[in-house]
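Below: upload.cif (mmCIF, C-alpha atoms)
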```
data_query
loop_
_atom_site.label_atom_id
_atom_site.label_comp_id
_atom_site.auth_asym_id
_atom_site.auth_seq_id
_atom_site.Cartn_x
_atom_site.Cartn_y
_atom_site.Cartn_z
CA MET Z 1 -2.91 -22.47 -23.12
CA ARG Z 2 -2.69 -18.95 -21.64
CA GLN Z 3 -1.53 -18.81 -18.03
CA VAL Z 4 -3.57 -16.61 -15.68
CA CYS Z 5 -3.61 -15.89 -11.97
CA PHE Z 6 -6.02 -14.25 -9.55
CA GLY Z 7 -5.00 -11.18 -7.61
CA ILE Z 8 -7.30 -10.56 -4.65
CA ASP Z 9 -7.27 -7.61 -2.26
CA ILE Z 10 -9.43 -8.22 0.82
CA GLY Z 11 -10.36 -4.93 2.48
CA GLY Z 12 -12.54 -4.09 5.44
CA THR Z 13 -15.41 -3.01 3.17
CA THR Z 14 -14.83 -4.52 -0.27
CA VAL Z 15 -12.94 -7.31 -1.98
CA LYS Z 16 -11.18 -6.41 -5.23
CA LEU Z 17 -10.64 -9.48 -7.40
CA GLY Z 18 -8.91 -9.54 -10.75
CA LEU Z 19 -7.79 -12.16 -13.24
CA VAL Z 20 -4.36 -11.29 -14.65
CA SER Z 21 -2.39 -12.85 -17.49
CA SER Z 22 1.29 -13.71 -17.27
CA GLU Z 23 1.91 -10.76 -19.61
CA GLY Z 24 0.40 -8.39 -17.07
CA ASP Z 25 -3.01 -7.83 -18.69
CA LEU Z 26 -5.97 -7.35 -16.34
CA LEU Z 27 -8.54 -9.59 -18.03
CA GLU Z 28 -11.44 -9.09 -15.65
CA LYS Z 29 -12.04 -7.27 -12.39
CA ARG Z 30 -14.79 -7.50 -9.80
CA GLU Z 31 -15.55 -5.66 -6.58
CA PHE Z 32 -17.99 -6.97 -4.00
CA SER Z 33 -18.73 -6.50 -0.32
CA THR Z 34 -16.53 -8.21 2.25
CA GLN Z 35 -18.55 -10.69 4.26
CA ARG Z 36 -17.97 -10.23 7.97
CA GLU Z 37 -18.36 -13.89 8.93
CA LEU Z 38 -15.15 -15.76 8.18
CA SER Z 39 -16.53 -18.81 6.37
CA ALA Z 40 -18.98 -16.71 4.37
CA ALA Z 41 -16.14 -14.40 3.29
CA PHE Z 42 -14.12 -17.24 1.78
CA ASP Z 43 -17.22 -18.84 0.25
CA SER Z 44 -18.05 -15.55 -1.47
CA ILE Z 45 -14.53 -15.06 -2.84
CA ALA Z 46 -14.32 -18.65 -4.12
CA ALA Z 47 -17.72 -18.36 -5.81
CA ASN Z 48 -16.62 -15.20 -7.62
CA MET Z 49 -13.40 -16.89 -8.69
CA ARG Z 50 -15.35 -19.77 -10.25
CA GLN Z 51 -17.67 -17.38 -12.06
CA VAL Z 52 -14.76 -15.45 -13.54
CA LEU Z 53 -12.95 -18.59 -14.68
CA ASP Z 54 -16.10 -19.78 -16.45
CA SER Z 55 -15.59 -16.85 -18.83
CA PHE Z 56 -12.08 -18.01 -19.72
CA PRO Z 57 -12.38 -21.74 -20.51
CA ASP Z 58 -9.12 -21.80 -22.48
CA ALA Z 59 -7.02 -20.26 -19.68
CA MET Z 60 -4.92 -22.20 -17.18
CA CYS Z 61 -5.15 -20.65 -13.71
CA ILE Z 62 -1.99 -21.31 -11.70
CA GLY Z 63 -3.18 -19.84 -8.40
CA ALA Z 64 -4.40 -16.87 -6.41
CA GLY Z 65 -2.33 -14.21 -4.64
CA VAL Z 66 -4.22 -12.59 -1.78
CA GLY Z 67 -3.58 -9.35 0.10
CA VAL Z 68 -4.91 -8.83 3.62
CA PRO Z 69 -4.62 -5.86 6.02
CA GLY Z 70 -2.39 -7.54 8.58
CA PRO Z 71 0.94 -9.32 9.10
CA VAL Z 72 1.37 -12.63 7.27
CA LEU Z 73 3.66 -15.58 7.99
CA ASN Z 74 4.84 -18.11 5.39
CA GLN Z 75 2.55 -16.68 2.69
CA SER Z 76 -0.34 -18.34 4.51
CA LEU Z 77 -1.09 -17.48 8.14
CA VAL Z 78 -2.56 -14.09 9.00
CA ARG Z 79 -1.79 -13.01 12.56
CA GLY Z 80 -4.90 -10.91 13.07
CA CYS Z 81 -6.66 -8.31 10.90
CA VAL Z 82 -8.36 -5.64 13.02
CA ASN Z 83 -10.26 -4.17 10.04
CA LEU Z 84 -11.70 -7.59 9.23
CA GLY Z 85 -12.28 -8.77 12.78
CA TRP Z 86 -9.98 -11.75 12.23
CA GLY Z 87 -7.70 -13.49 14.67
CA ASP Z 88 -5.20 -16.08 13.43
CA VAL Z 89 -6.45 -17.39 10.08
CA ASP Z 90 -4.75 -19.70 7.59
CA VAL Z 91 -6.00 -17.86 4.51
CA ALA Z 92 -4.12 -20.06 2.05
CA ARG Z 93 -5.76 -23.19 3.43
CA GLU Z 94 -9.25 -21.72 3.82
CA LEU Z 95 -9.45 -20.19 0.35
CA GLY Z 96 -7.35 -22.83 -1.39
CA SER Z 97 -9.62 -25.67 -0.24
CA ARG Z 98 -12.68 -23.82 -1.53
CA ALA Z 99 -11.20 -22.63 -4.82
CA GLY Z 100 -9.24 -25.78 -5.61
CA MET Z 101 -5.96 -24.04 -6.41
CA PRO Z 102 -2.74 -22.89 -4.74
CA VAL Z 103 -3.06 -19.66 -2.72
CA ARG Z 104 -0.28 -17.37 -1.52
CA VAL Z 105 -0.92 -14.54 0.93
CA ALA Z 106 0.85 -11.29 1.81
CA ASN Z 107 0.19 -8.02 3.58
CA ASP Z 108 -1.90 -5.80 1.30
CA ALA Z 109 0.52 -2.85 1.30
CA ASN Z 110 3.44 -5.15 0.54
CA LEU Z 111 1.46 -6.58 -2.36
CA ALA Z 112 0.78 -3.08 -3.66
CA ALA Z 113 4.53 -2.45 -3.70
CA LEU Z 114 5.13 -5.72 -5.57
CA GLY Z 115 2.42 -4.81 -8.06
CA GLU Z 116 4.02 -1.43 -8.72
CA LEU Z 117 7.37 -3.16 -9.24
CA TRP Z 118 5.91 -5.61 -11.77
CA GLN Z 119 3.53 -3.43 -13.79
CA GLY Z 120 3.57 0.09 -12.33
CA GLY Z 121 5.88 2.92 -11.40
CA GLY Z 122 8.75 0.58 -10.58
CA LYS Z 123 8.58 -1.56 -13.72
CA GLY Z 124 12.06 -2.65 -14.76
CA CYS Z 125 13.50 -2.19 -11.25
CA ARG Z 126 14.49 -4.71 -8.59
CA ASN Z 127 14.58 -2.49 -5.50
CA LEU Z 128 11.69 -0.24 -4.51
CA VAL Z 129 10.05 1.52 -1.57
CA LEU Z 130 6.37 2.49 -1.69
CA PHE Z 131 4.63 4.97 0.61
CA THR Z 132 0.83 4.97 0.37
CA VAL Z 133 -0.26 8.27 1.90
CA GLY Z 134 -3.94 8.39 2.72
CA THR Z 135 -5.93 8.34 5.96
CA GLY Z 136 -2.90 6.56 7.37
CA ILE Z 137 0.44 5.63 5.82
CA GLY Z 138 1.15 2.16 4.54
CA GLY Z 139 3.78 0.91 2.20
CA GLY Z 140 6.14 -1.81 1.26
CA VAL Z 141 9.79 -2.54 0.64
CA ILE Z 142 11.03 -4.69 -2.24
CA CYS Z 143 14.66 -5.84 -2.27
CA ASP Z 144 16.11 -7.75 -5.22
CA GLY Z 145 12.58 -8.30 -6.53
CA ARG Z 146 11.22 -9.80 -3.32
CA ILE Z 147 8.94 -8.50 -0.58
CA VAL Z 148 10.65 -7.72 2.72
CA SER Z 149 8.13 -9.13 5.20
CA GLY Z 150 10.47 -9.88 8.10
CA ALA Z 151 10.48 -12.49 10.85
CA THR Z 152 6.92 -11.92 12.04
CA GLY Z 153 5.32 -10.43 8.93
CA GLY Z 154 5.67 -6.83 10.08
CA GLY Z 155 8.25 -5.70 7.52
CA GLY Z 156 7.47 -2.67 5.38
CA GLU Z 157 5.37 -0.82 7.98
CA VAL Z 158 6.84 2.49 6.87
CA GLY Z 159 4.08 4.58 8.44
CA HIS Z 160 5.27 3.67 11.91
CA LEU Z 161 8.85 4.85 11.60
CA PRO Z 162 9.50 7.22 14.53
CA MET Z 163 9.99 10.77 13.29
CA PRO Z 164 11.16 13.98 15.03
CA PHE Z 165 7.85 15.70 14.22
CA HIS Z 166 4.85 16.00 16.55
CA THR Z 167 6.32 13.56 19.02
CA GLU Z 168 3.51 14.45 21.44
CA TRP Z 169 0.84 13.12 19.05
CA GLN Z 170 -0.24 9.52 19.55
CA CYS Z 171 -0.53 7.23 16.55
CA SER Z 172 -3.29 4.66 16.05
CA CYS Z 173 -0.67 1.98 16.82
CA GLY Z 174 -0.25 3.35 20.34
CA LYS Z 175 3.19 4.89 19.86
CA TYR Z 176 3.92 8.60 19.66
CA GLY Z 177 5.48 10.55 16.80
CA CYS Z 178 5.12 7.97 14.01
CA LEU Z 179 5.48 9.20 10.45
CA GLU Z 180 1.74 8.68 10.07
CA VAL Z 181 0.78 11.31 12.65
CA THR Z 182 2.50 14.07 10.65
CA ALA Z 183 2.39 13.08 7.00
CA SER Z 184 -0.94 11.26 6.56
CA ALA Z 185 -4.11 13.05 5.51
CA THR Z 186 -5.28 12.69 9.12
CA GLY Z 187 -2.13 14.36 10.42
CA ILE Z 188 -2.25 17.16 7.85
CA ILE Z 189 -5.86 17.89 8.77
CA ARG Z 190 -5.09 17.79 12.50
CA ALA Z 191 -2.30 20.31 12.08
CA ALA Z 192 -4.47 22.55 9.88
CA ARG Z 193 -7.28 22.59 12.44
CA GLU Z 194 -5.12 24.79 14.66
CA PHE Z 195 -5.36 27.69 12.19
CA SER Z 196 -7.93 29.76 10.33
CA PRO Z 197 -9.75 29.20 8.07
CA PHE Z 198 -9.56 25.47 8.75
CA LYS Z 199 -10.58 25.57 12.40
CA GLU Z 200 -13.83 27.27 11.39
CA MET Z 201 -14.63 24.76 8.61
CA GLU Z 202 -17.06 21.94 9.36
CA LYS Z 203 -15.15 19.52 7.14
CA VAL Z 204 -11.51 19.74 6.07
CA THR Z 205 -9.64 17.52 3.60
CA ALA Z 206 -5.95 17.25 2.84
CA LYS Z 207 -6.77 18.63 -0.61
CA ASP Z 208 -8.18 21.76 1.03
CA VAL Z 209 -4.86 22.28 2.79
CA TYR Z 210 -2.79 21.72 -0.36
CA ASP Z 211 -5.09 24.05 -2.33
CA ALA Z 212 -4.66 26.75 0.33
CA ALA Z 213 -0.90 26.29 0.25
CA ALA Z 214 -0.91 26.70 -3.53
CA ALA Z 215 -2.94 29.90 -3.08
CA GLY Z 216 -0.29 31.31 -0.74
CA ASP Z 217 -1.64 30.55 2.75
CA GLU Z 218 1.51 30.52 4.90
CA ASN Z 219 0.16 28.16 7.56
CA ALA Z 220 -0.99 25.68 4.93
CA LYS Z 221 2.41 25.88 3.21
CA ARG Z 222 4.18 25.20 6.49
CA ILE Z 223 1.96 22.18 7.18
CA THR Z 224 2.36 20.61 3.74
CA GLU Z 225 6.09 21.24 3.73
CA GLU Z 226 6.38 19.64 7.16
CA ALA Z 227 4.48 16.57 5.93
CA GLY Z 228 6.82 16.36 2.96
CA ALA Z 229 9.86 16.78 5.18
CA ALA Z 230 8.71 13.90 7.39
CA LEU Z 231 8.18 11.65 4.36
CA GLY Z 232 11.54 12.65 2.91
CA THR Z 233 13.30 11.95 6.20
CA ALA Z 234 11.67 8.52 6.36
CA ALA Z 235 12.70 7.89 2.75
CA ALA Z 236 16.29 8.83 3.61
CA ILE Z 237 16.34 6.38 6.52
CA LEU Z 238 15.03 3.57 4.32
CA GLY Z 239 17.40 4.66 1.56
CA CYS Z 240 20.35 4.07 3.85
CA VAL Z 241 19.07 0.61 4.73
CA VAL Z 242 17.81 -0.86 1.45
CA ASN Z 243 19.28 1.48 -1.22
CA PRO Z 244 16.27 1.42 -3.60
CA GLU Z 245 16.29 2.42 -7.25
CA VAL Z 246 12.89 4.10 -6.99
CA ILE Z 247 10.70 5.52 -4.21
CA LEU Z 248 7.02 5.76 -5.09
CA LEU Z 249 4.30 7.80 -3.43
CA GLY Z 250 0.71 6.60 -3.75
CA GLY Z 251 -2.58 7.01 -1.92
CA GLY Z 252 -5.02 9.90 -1.95
CA VAL Z 253 -2.55 12.57 -0.84
CA SER Z 254 -0.30 11.77 -3.80
CA ALA Z 255 -2.84 13.62 -5.97
CA ALA Z 256 -1.01 16.76 -4.80
CA GLY Z 257 1.75 15.81 -7.28
CA ARG Z 258 4.80 18.08 -7.23
CA ALA Z 259 3.48 19.91 -4.16
CA LEU Z 260 4.06 16.63 -2.30
CA LEU Z 261 7.11 15.37 -4.17
CA ASP Z 262 9.24 18.55 -4.00
CA PRO Z 263 9.59 18.77 -0.19
CA VAL Z 264 9.97 14.98 0.01
CA GLU Z 265 12.90 15.03 -2.41
CA ALA Z 266 14.48 18.03 -0.66
CA ALA Z 267 14.40 16.32 2.74
CA PHE Z 268 15.71 13.10 1.22
CA GLU Z 269 18.68 14.89 -0.36
CA LYS Z 270 19.45 16.59 2.94
CA ASN Z 271 19.39 13.45 5.07
CA VAL Z 272 20.35 10.45 2.93
CA PHE Z 273 23.75 8.75 3.00
CA PRO Z 274 25.48 10.09 -0.17
CA PRO Z 275 26.19 6.72 -1.84
CA CYS Z 276 22.42 5.99 -1.62
CA ARG Z 277 21.37 9.30 -3.19
CA GLU Z 278 20.76 8.04 -6.73
CA VAL Z 279 17.05 7.40 -6.36
CA ARG Z 280 14.17 8.19 -8.70
CA PHE Z 281 11.05 9.61 -7.02
CA ALA Z 282 7.73 9.12 -8.78
CA LEU Z 283 4.02 8.73 -8.19
CA ALA Z 284 2.56 5.24 -8.03
CA GLN Z 285 0.66 4.29 -11.19
CA LEU Z 286 -1.69 1.41 -10.45
CA GLY Z 287 -4.07 3.01 -7.95
CA ASN Z 288 -6.59 0.58 -6.48
CA ASN Z 289 -5.41 -2.18 -8.82
CA ALA Z 290 -1.92 -2.38 -7.28
CA GLY Z 291 -2.89 -5.19 -4.93
CA ILE Z 292 -4.43 -7.20 -7.76
CA PHE Z 293 -1.25 -7.00 -9.81
CA GLY Z 294 0.82 -7.72 -6.70
CA GLY Z 295 -1.23 -10.82 -5.98
CA ALA Z 296 -0.63 -12.14 -9.48
CA ALA Z 297 3.06 -11.27 -9.20
CA LEU Z 298 3.34 -13.61 -6.20
CA PHE Z 299 3.00 -16.43 -8.75
CA PHE Z 300 4.40 -14.90 -11.91
CA THR Z 301 7.56 -13.34 -10.43
CA GLN Z 302 8.18 -14.92 -7.02
CA SER Z 303 9.69 -18.33 -6.30
CA VAL Z 304 8.68 -20.02 -3.03
#
```
Take the structure in the file and write it out as structure tokens.
Amino acid sequence: MRQVCFGIDIGGTTVKLGLVSSEGDLLEKREFSTQRELSAAFDSIAANMRQVLDSFPDAMCIGAGVGVPGPVLNQSLVRGCVNLGWGDVDVARELGSRAGMPVRVANDANLAALGELWQGGGKGCRNLVLFTVGTGIGGGVICDGRIVSGATGGGGEVGHLPMPFHTEWQCSCGKYGCLEVTASATGIIRAAREFSPFKEMEKVTAKDVYDAAAAGDENAKRITEEAGAALGTAAAILGCVVNPEVILLGGGVSAAGRALLDPVEAAFEKNVFPPCREVRFALAQLGNNAGIFGGAALFFTQSV
């Protein structure tokens, strides 16, 4: 009987749910709206799980790995999710009792990193750092094949490393000068708004800034290079601590490709401890499915 597992990524707007085989095949995927009321949210997810399993009567489901946008303790207890309006919630108990199967829970960005390790840009590795560069900066750290979640579930919050760039700018977390304020799409746009033509534009995207840099705009080049330097400096700091084999860049800003990677690698080389220099930089491969694969990997690759 074929072993399968659910990978579930609970976001503030949508839930992404996939059924994954032990070989790493995504057998079915669904997306549906996240219910705001707590009980209704778990009822909806469990109902979708049952519907999916009905299509695979010969499969043996061994569990569900769930990603949530908040810190998680003991693969079960979520200590608040602002985007979901949750306080302390035992997700493993709530969903497990409804679905009738074991449930393991992790921070969504950490799960994305685990998914990339299992079936994405880090396949074949044991040590990985992921930066997801979008509106904010998330990420995850994998050491010896396991998520680094820390004592209170806050491990892997790479976007909130303090950086010597824009230390006067306040981050959404309340601190000043986090990596996120310089290197996220939000930070890139904020910096660009100080200069023409961006300050005259009604709407600016990070892609606009990278396109202008490619076309030779000196201010845009300075801004994108600064964002890359901040990411590369953060990568060097983490490199000295966890010595990864691969550092992946994902999220919307990663669409810039080499324009993002080149300054990141240059800053890394400049700042990293030499014995930790042998790192491969690459773009993440799984996109929005990374959390689904990471959820399945909680069962297929992780021992409790």
Output of the PyMOL selection byres ((chain Z and resi 247) around 6), listed as a list in words: Leu128, Val129, Leu130, Val246, Leu248 and Phe281 of chain Z
One-decimal distance in Å that lies between CA of Ala40 in chain Z and CA of Asp88 in chain Z: 16.5 Å
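Coordinates place CA of Ala290 in chain Z at a distance of 14.1 Å from CA of Arg30 in chain Z.
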On this structure, the PyMOL selection byres ((chain Z and resi 169-179) around 12) would catch which residues? List them as an mmCIF file with C-alpha atoms, keeping the file's coordinate frame, sorted by chain and number.
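And here is the file that came out, part-v3.cif:
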```cif
data_model
loop_
_atom_site.group_PDB
_atom_site.id
_atom_site.type_symbol
_atom_site.label_atom_id
_atom_site.label_comp_id
_atom_site.auth_asym_id
_atom_site.auth_seq_id
_atom_site.Cartn_x
_atom_site.Cartn_y
_atom_site.Cartn_z
ATOM 1 C CA VAL Z 82 -8.360 -5.640 13.020
ATOM 2 C CA PHE Z 131 4.630 4.970 0.610
ATOM 3 C CA THR Z 132 0.830 4.970 0.370
ATOM 4 C CA VAL Z 133 -0.260 8.270 1.900
ATOM 5 C CA THR Z 135 -5.930 8.340 5.960
ATOM 6 C CA GLY Z 136 -2.900 6.560 7.370
ATOM 7 C CA ILE Z 137 0.440 5.630 5.820
ATOM 8 C CA GLY Z 138 1.150 2.160 4.540
ATOM 9 C CA GLY Z 139 3.780 0.910 2.200
ATOM 10 C CA GLU Z 157 5.370 -0.820 7.980
ATOM 11 C CA VAL Z 158 6.840 2.490 6.870
ATOM 12 C CA GLY Z 159 4.080 4.580 8.440
ATOM 13 C CA HIS Z 160 5.270 3.670 11.910
ATOM 14 C CA LEU Z 161 8.850 4.850 11.600
ATOM 15 C CA PRO Z 162 9.500 7.220 14.530
ATOM 16 C CA MET Z 163 9.990 10.770 13.290
ATOM 17 C CA PRO Z 164 11.160 13.980 15.030
ATOM 18 C CA PHE Z 165 7.850 15.700 14.220
ATOM 19 C CA HIS Z 166 4.850 16.000 16.550
ATOM 20 C CA THR Z 167 6.320 13.560 19.020
ATOM 21 C CA GLU Z 168 3.510 14.450 21.440
ATOM 22 C CA GLU Z 180 1.740 8.680 10.070
ATOM 23 C CA VAL Z 181 0.780 11.310 12.650
ATOM 24 C CA THR Z 182 2.500 14.070 10.650
ATOM 25 C CA ALA Z 183 2.390 13.080 7.000
ATOM 26 C CA SER Z 184 -0.940 11.260 6.560
ATOM 27 C CA ALA Z 185 -4.110 13.050 5.510
ATOM 28 C CA THR Z 186 -5.280 12.690 9.120
ATOM 29 C CA GLY Z 187 -2.130 14.360 10.420
ATOM 30 C CA ILE Z 188 -2.250 17.160 7.850
ATOM 31 C CA ARG Z 190 -5.090 17.790 12.500
ATOM 32 C CA ALA Z 191 -2.300 20.310 12.080
ATOM 33 C CA GLU Z 226 6.380 19.640 7.160
ATOM 34 C CA ALA Z 227 4.480 16.570 5.930
ATOM 35 C CA GLY Z 228 6.820 16.360 2.960
ATOM 36 C CA ALA Z 229 9.860 16.780 5.180
ATOM 37 C CA ALA Z 230 8.710 13.900 7.390
ATOM 38 C CA LEU Z 231 8.180 11.650 4.360
ATOM 39 C CA GLY Z 232 11.540 12.650 2.910
ATOM 40 C CA THR Z 233 13.300 11.950 6.200
ATOM 41 C CA ALA Z 234 11.670 8.520 6.360
ATOM 42 C CA ALA Z 235 12.700 7.890 2.750
ATOM 43 C CA ILE Z 237 16.340 6.380 6.520
#
```
Contacts of range 197-213 of chain Z within 8 Å, only C-alpha atoms, excl. fewer than 4 positions in-chain, as a PyMOL selection string: chain Z and resi 185-186+188-189+192-193+217-221+224+253+256+259
